[in-house]
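Heads up: the structure comes next, in structure tokens.
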Amino acid sequence: MMNPFDLVKNLQGLQSQVNQLKDELADLTATGSSGGNMVRVTVNGKFEMTDIFNDPIAVDPRDVPMLQDLIVAAHRDALDKIQESIKEKAGPLLGGMDIPGLNL
């Protein structure tokens with residue numbers, strides 16, 4: 001049987017690791033692209049879009065739906081990449097935990 005004081009000490013250590021991980025994740029970025037790199041979207045570790053680039057070639061006023069599809073695809077690519085980065089950083093700490101939206 002585990003000593004309750006050891007358990008509290010372990011939880012405090014885990015909390016410290018979680019706080020450090022949150023700081024590291026906030027600094028992560030990933031860029032996804034689509035259309036042969038004509039559209040690029042950058043997201044951070046909080047899954048916030050921080051930058052978007054559209055090559056002028058992709059901005060055809062006669063085909064707005066194509067540009068919208070390219071943006072969605074680039075965003076999805078960026079999210080996949082940021083999730084991979086998060087898995088690499090957080091995987092050992094969160095191993096086995098089921099966190100909605102993050103497939104560890």
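Ordered as shown in the structure tokens, chains take letters A, B, and onward, while each chain numbers its residues from 1 and ligands are numbered from 1 in the order shown.
Assigned to strand (DSSP E or B) in chain A, given DSSP computed from backbone atoms, are Thr29, Ala30, Thr31, Gly32, Ser33, Ser34, Val39, Arg40, Val41, Thr42, Val43, Asn44, Met49, Thr50, Asp51, Ile52, Phe53, Asn54, Ile99 and Leu102 of chain A.
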- Query: What gap, in Å, lies between CA of Asp77 in chain A and CA of Asp63 in chain A?
  - Reply: 21.7 Å
- Item | CA of His75 in chain A to CA of Phe47 in chain A, distance in Å rounded to a single decimal | 10.0 Å
- Interatomic distance (Å, one decimal) between CA of Leu28 in chain A and CA of Lys87 in chain A: 11.7 Å
Write out as a PDB file with C-alpha atoms, in the first residue's frame each polymer residue whose atoms come within 6 Å of Ala78 in chain A, counting only C-alpha atoms; drop sequence neighbours fewer than 2 positions from it.
ATOM      1  CA  ALA A  30       3.227  23.748 -37.197  1.00  0.00           C
ATOM      2  CA  THR A  31       2.503  24.786 -40.756  1.00  0.00           C
ATOM      3  CA  GLY A  32       0.253  22.815 -43.059  1.00  0.00           C
ATOM      4  CA  HIS A  75      -5.609  23.926 -41.788  1.00  0.00           C
ATOM      5  CA  ARG A  76      -6.318  20.210 -41.410  1.00  0.00           C
ATOM      6  CA  ASP A  80      -2.329  16.920 -37.946  1.00  0.00           C
ATOM      7  CA  LYS A  81       1.252  18.177 -37.675  1.00  0.00           C
TER       8      LYS A  81
END
- Message: Which of range 30-84 of chain A end up as alpha helix (DSSP H) when DSSP is run on this backbone - answer as a ChimeraX atom specification?
- Response: /A:64-84
- Do you know which residues are at most 12 Å from Gln68 in chain A counting only C-alpha atoms, after dropping those on the same chain fewer than 3 positions away, and could you put them as a ChimeraX atom specification? /A:34-35,39,54,58-61,63-65,71-75
The selected residues should be written to file as a PDB file, in the first residue's frame (atoms: C-alpha atoms).
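Saved file part.pdb follows:
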ATOM      1  CA  SER A  34      -2.264  22.468 -49.722  1.00  0.00           C
ATOM      2  CA  GLY A  35      -2.418  23.061 -53.445  1.00  0.00           C
ATOM      3  CA  VAL A  39      -1.958  27.879 -49.321  1.00  0.00           C
ATOM      4  CA  ASN A  54      -2.402  32.506 -49.997  1.00  0.00           C
ATOM      5  CA  ALA A  58      -4.851  30.651 -55.652  1.00  0.00           C
ATOM      6  CA  VAL A  59      -6.969  33.789 -55.273  1.00  0.00           C
ATOM      7  CA  ASP A  60      -9.239  33.535 -58.294  1.00  0.00           C
ATOM      8  CA  PRO A  61     -12.440  35.529 -57.730  1.00  0.00           C
ATOM      9  CA  ASP A  63     -13.377  30.136 -58.053  1.00  0.00           C
ATOM     10  CA  VAL A  64     -13.758  31.106 -54.397  1.00  0.00           C
ATOM     11  CA  PRO A  65     -14.895  27.574 -53.388  1.00  0.00           C
ATOM     12  CA  ILE A  71      -7.604  26.743 -46.771  1.00  0.00           C
ATOM     13  CA  VAL A  72      -9.558  23.982 -45.034  1.00  0.00           C
ATOM     14  CA  ALA A  73      -7.104  21.343 -46.317  1.00  0.00           C
ATOM     15  CA  ALA A  74      -4.057  23.370 -45.215  1.00  0.00           C
ATOM     16  CA  HIS A  75      -5.609  23.926 -41.788  1.00  0.00           C
TER      17      HIS A  75
END
- Message: Would you pick out the contacts of Phe53 in chain A at 10 Å or less, using only C-alpha atoms, so that residues sharing its chain but fewer than 2 positions from it are not included, and give the list as an MDAnalysis selection string?
- Response: chainID A and resid 33 37:42 51 55:56 71 74
- Compare A:Asn44, A:Ser85, A:Gln17, A:Asp69 by their minimum atom-to-atom distance to Thr29 in chain A, counting only C-alpha atoms, and give me the closest one.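 With only C-alpha atoms as the atom set, the closest residue is A:Asn44.
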- Point out the residue among A:Ile57, A:Pro92, A:Leu11, A:Lys46 with the least atom-to-atom distance to Asp23 in chain A, counting only C-alpha atoms.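 Nearest to Asp23 in chain A: A:Lys46.
Distance annotation: of A:Ile52, A:Leu14, A:Leu70, A:Val43, the residue with the minimal separation from Asp27 in chain A is A:Val43; atom set is only C-alpha atoms.
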